[in-house]
Amino acid sequence: MSYKYIDTHAHVNINAFKDDAEAVISRCADEGVVIINVGTQQDTSQRAVELAEQANNCFAIIGLHPVHTSASYHDESELGENMKGFTSRGEEFDVAYYRELAKNPKVVAIGECGLDYYRLEKDTRSVQEKTFIEQIELANELGLPLMIHTRDAKGNSASARNEAGVGNVYDDTYEILKAHAKVPGNVHFYAGNYEQAKKFFDIGFSVSFTGVITFAKDYEEVVRKAPLDMIHGETDCPYVAPVPYRGQRCEPWMVQEVYKKIALIRGEDEEVVRAQLIENAKRLYKIPLM
């Protein structure tokens, strides 16, 4: 089967899809959409691998999300419209567990790992950095790319960062990757500026965009100026459904709208953009698709 789109960052492996994951995946296959499900801790990483084993159009990324490195509550205000809150139990990165899970041939990257400054508490920044570096080292060892999570302090302002005792999350992430990463990767759900994006490009890291670009103009400069071979389309489902599906649970087949919007913003032919984004994902994740 020939596929038309790759959703490079999805979460059909989490509880939002516990009752109908297989049906969603089947619909995506019918729509010509490949799904890369991304783990956030041990159980969701394992689930991503299970789904990948069951479906030809699924692949898996495994790792520990920074918000799961400490026990904390995450509410609707940060997760988005219609998303139920959850309590992260806090997990230490078990390198042996993830090394074993990565033996599955459908595991294409390590992550999502990185830094999350949205809801920092005492000492969590140092724990996040330690866990981030441990996952970079595993990716280096296995020769797998990295899936990077970056989120700035609540409000994204200098005062918010000062209050949290941190710098800009994109600058901090870049410095850690530059110092430790020997593999390429992707900075997903990119919300930094173009100057920061260029620094990631220089060390072999692409950026990706979600359905947010269909209803917000904040990201258009980066979408427009970035080299076409260094960007991806994703959904980050079940979050941020694109126009015209706002208010619904986001699903991977909706990534088509992200691809279309990227082409529109760039003023380029939709088919040319679609084909290049497919090639970008195949190149980074070594996905053997037609």
# chains A, B, ... in the order shown; residues from 1 in each chain; ligands from 1
>>> residues_around(residues="Val95 of chain A", least_positions_apart="6", cutoff="12 Å", atoms="only C-alpha atoms", output="list in words")
Gln41, Gln42, Ile62, Gly63, Leu64, Leu101, Ala102, Ile110, Thr131, Phe132, Ile133, Glu134, Gln135, Ile136, Glu137, Leu138, Ala139, Glu141 and Leu142 of chain A
>>> write_last_selection(atoms="C-alpha atoms", output="compact mmCIF listing (two decimals), in the first residue's frame")
# COMPACT_ATOMS: atom_id res chain seq x y z
CA GLN A 41 6.72 6.62 30.05
CA GLN A 42 7.07 2.84 30.34
CA ILE A 62 9.87 5.09 23.21
CA GLY A 63 11.00 7.21 26.12
CA LEU A 64 10.22 9.25 29.21
CA LEU A 101 12.10 -2.36 24.23
CA ALA A 102 14.14 -0.66 21.50
CA ILE A 110 13.97 7.61 21.50
CA THR A 131 16.82 12.20 32.45
CA PHE A 132 17.14 14.05 29.14
CA ILE A 133 20.88 13.35 28.95
CA GLU A 134 20.36 9.69 29.84
CA GLN A 135 17.97 9.31 26.90
CA ILE A 136 20.35 11.13 24.56
CA GLU A 137 23.07 8.70 25.58
CA LEU A 138 20.79 5.73 24.87
CA ALA A 139 19.94 7.15 21.44
CA GLU A 141 24.32 4.02 21.79
CA LEU A 142 21.55 2.60 19.59
>>> select_by_dssp(residues="segment 99-238 of chain A", states="helix (DSSP H, G or I)", output="PyMOL selection string")
chain A and resi 99-101+124-142+158-164+169-180+194-202+211-214+220-225+228-230
>>> closest_residue(among="A:Arg151, A:Asn193, A:Glu50, A:Glu129", to="Asn104 of chain A", atoms="only C-alpha atoms")
A:Glu50
>>> residues_around(residues="Leu228 of chain A", least_positions_apart="5", cutoff="12 Å", atoms="only C-alpha atoms", output="PyMOL selection string")
chain A and resi 201+206-208+222-223+233+259+262-263+266-269+272-281
>>> write_last_selection(atoms="C-alpha atoms", output="compact mmCIF listing (two decimals), in the first residue's frame")
# COMPACT_ATOMS: atom_id res chain seq x y z
CA PHE A 201 19.00 22.88 11.89
CA SER A 206 14.35 19.27 12.29
CA VAL A 207 11.22 20.96 13.65
CA SER A 208 7.60 19.94 13.34
CA VAL A 222 9.33 29.66 10.94
CA VAL A 223 7.03 27.65 8.64
CA GLY A 233 3.74 17.67 9.98
CA TYR A 259 0.35 19.49 5.50
CA ILE A 262 2.22 24.35 5.59
CA ALA A 263 1.95 24.53 1.80
CA ARG A 266 4.84 28.81 2.24
CA GLY A 267 2.99 29.61 -0.98
CA GLU A 268 4.17 26.32 -2.49
CA ASP A 269 2.49 23.53 -4.42
CA VAL A 272 5.38 19.13 -3.69
CA VAL A 273 5.17 19.90 0.03
CA ARG A 274 3.33 16.65 0.79
CA ALA A 275 5.91 14.55 -1.04
CA GLN A 276 8.85 16.32 0.64
CA LEU A 277 7.39 15.94 4.15
CA ILE A 278 6.98 12.22 3.51
CA GLU A 279 10.62 12.01 2.42
CA ASN A 280 11.75 13.97 5.48
CA ALA A 281 10.08 11.52 7.85
>>> residues_around(residues="segment 24-27 of chain A", least_positions_apart="3", cutoff="10 Å", atoms="only C-alpha atoms", output="ChimeraX atom specification")
/A:12,17,19-21,30-35,51,54-58,251-253
>>> write_last_selection(atoms="N, CA and C atoms", output="PDB file, in the first residue's frame")
ATOM      1  N   VAL A  12      -1.905   7.739  19.970  1.00  0.00           N
ATOM      2  CA  VAL A  12      -3.013   6.787  19.981  1.00  0.00           C
ATOM      3  C   VAL A  12      -2.768   5.733  21.053  1.00  0.00           C
ATOM      4  N   PHE A  17      -7.541   7.061  23.730  1.00  0.00           N
ATOM      5  CA  PHE A  17      -7.911   6.139  22.653  1.00  0.00           C
ATOM      6  C   PHE A  17      -8.071   4.709  23.155  1.00  0.00           C
ATOM      7  N   ASP A  19     -10.514   2.964  24.073  1.00  0.00           N
ATOM      8  CA  ASP A  19     -11.676   2.190  23.627  1.00  0.00           C
ATOM      9  C   ASP A  19     -11.729   1.978  22.117  1.00  0.00           C
ATOM     10  N   ASP A  20     -10.941   2.738  21.354  1.00  0.00           N
ATOM     11  CA  ASP A  20     -11.087   2.626  19.899  1.00  0.00           C
ATOM     12  C   ASP A  20      -9.790   2.811  19.120  1.00  0.00           C
ATOM     13  N   ALA A  21      -8.659   2.506  19.754  1.00  0.00           N
ATOM     14  CA  ALA A  21      -7.377   2.704  19.080  1.00  0.00           C
ATOM     15  C   ALA A  21      -7.307   1.964  17.753  1.00  0.00           C
ATOM     16  N   ASP A  30      -6.982   3.601   5.859  1.00  0.00           N
ATOM     17  CA  ASP A  30      -7.890   3.882   4.743  1.00  0.00           C
ATOM     18  C   ASP A  30      -7.612   5.248   4.135  1.00  0.00           C
ATOM     19  N   GLU A  31      -7.173   6.197   4.966  1.00  0.00           N
ATOM     20  CA  GLU A  31      -6.879   7.554   4.503  1.00  0.00           C
ATOM     21  C   GLU A  31      -5.439   7.698   3.991  1.00  0.00           C
ATOM     22  N   GLY A  32      -4.661   6.607   4.039  1.00  0.00           N
ATOM     23  CA  GLY A  32      -3.281   6.657   3.579  1.00  0.00           C
ATOM     24  C   GLY A  32      -2.349   7.365   4.541  1.00  0.00           C
ATOM     25  N   VAL A  33      -2.620   7.224   5.840  1.00  0.00           N
ATOM     26  CA  VAL A  33      -1.834   7.918   6.858  1.00  0.00           C
ATOM     27  C   VAL A  33      -1.038   6.925   7.703  1.00  0.00           C
ATOM     28  N   VAL A  34       0.264   7.159   7.792  1.00  0.00           N
ATOM     29  CA  VAL A  34       1.147   6.404   8.684  1.00  0.00           C
ATOM     30  C   VAL A  34       1.214   7.138  10.019  1.00  0.00           C
ATOM     31  N   ILE A  35       1.240   6.380  11.106  1.00  0.00           N
ATOM     32  CA  ILE A  35       1.237   6.939  12.455  1.00  0.00           C
ATOM     33  C   ILE A  35       2.523   6.559  13.183  1.00  0.00           C
ATOM     34  N   LEU A  51       0.988  -1.504  19.441  1.00  0.00           N
ATOM     35  CA  LEU A  51       0.194  -1.033  18.303  1.00  0.00           C
ATOM     36  C   LEU A  51       0.988  -1.137  17.003  1.00  0.00           C
ATOM     37  N   GLN A  54       0.914  -4.560  15.652  1.00  0.00           N
ATOM     38  CA  GLN A  54      -0.390  -4.991  15.165  1.00  0.00           C
ATOM     39  C   GLN A  54      -0.766  -4.383  13.817  1.00  0.00           C
ATOM     40  N   ALA A  55      -0.166  -3.243  13.461  1.00  0.00           N
ATOM     41  CA  ALA A  55      -0.615  -2.512  12.264  1.00  0.00           C
ATOM     42  C   ALA A  55       0.559  -2.112  11.382  1.00  0.00           C
ATOM     43  N   ASN A  56       0.422  -2.350  10.079  1.00  0.00           N
ATOM     44  CA  ASN A  56       1.484  -2.002   9.132  1.00  0.00           C
ATOM     45  C   ASN A  56       1.737  -0.506   9.067  1.00  0.00           C
ATOM     46  N   ASN A  57       0.719   0.306   9.357  1.00  0.00           N
ATOM     47  CA  ASN A  57       0.865   1.758   9.233  1.00  0.00           C
ATOM     48  C   ASN A  57       1.233   2.432  10.553  1.00  0.00           C
ATOM     49  N   CYS A  58       1.745   1.648  11.523  1.00  0.00           N
ATOM     50  CA  CYS A  58       2.158   2.213  12.811  1.00  0.00           C
ATOM     51  C   CYS A  58       3.622   1.916  13.105  1.00  0.00           C
ATOM     52  N   GLU A 251      -7.234  13.269  15.804  1.00  0.00           N
ATOM     53  CA  GLU A 251      -6.825  11.935  15.374  1.00  0.00           C
ATOM     54  C   GLU A 251      -5.777  12.059  14.269  1.00  0.00           C
ATOM     55  N   PRO A 252      -4.931  11.035  14.078  1.00  0.00           N
ATOM     56  CA  PRO A 252      -3.803  11.176  13.152  1.00  0.00           C
ATOM     57  C   PRO A 252      -4.163  11.500  11.712  1.00  0.00           C
ATOM     58  N   TRP A 253      -5.311  11.030  11.224  1.00  0.00           N
ATOM     59  CA  TRP A 253      -5.667  11.322   9.838  1.00  0.00           C
ATOM     60  C   TRP A 253      -5.856  12.822   9.597  1.00  0.00           C
TER      61      TRP A 253
END
>>> residues_around(residues="Leu144 of chain A", least_positions_apart="5", cutoff="9 Å", atoms="only C-alpha atoms", output="list in words")
Val107, Val108, Ala109, Ile110, Leu138, Ala139, Val183, Pro184, Gly185 and Tyr285 of chain A
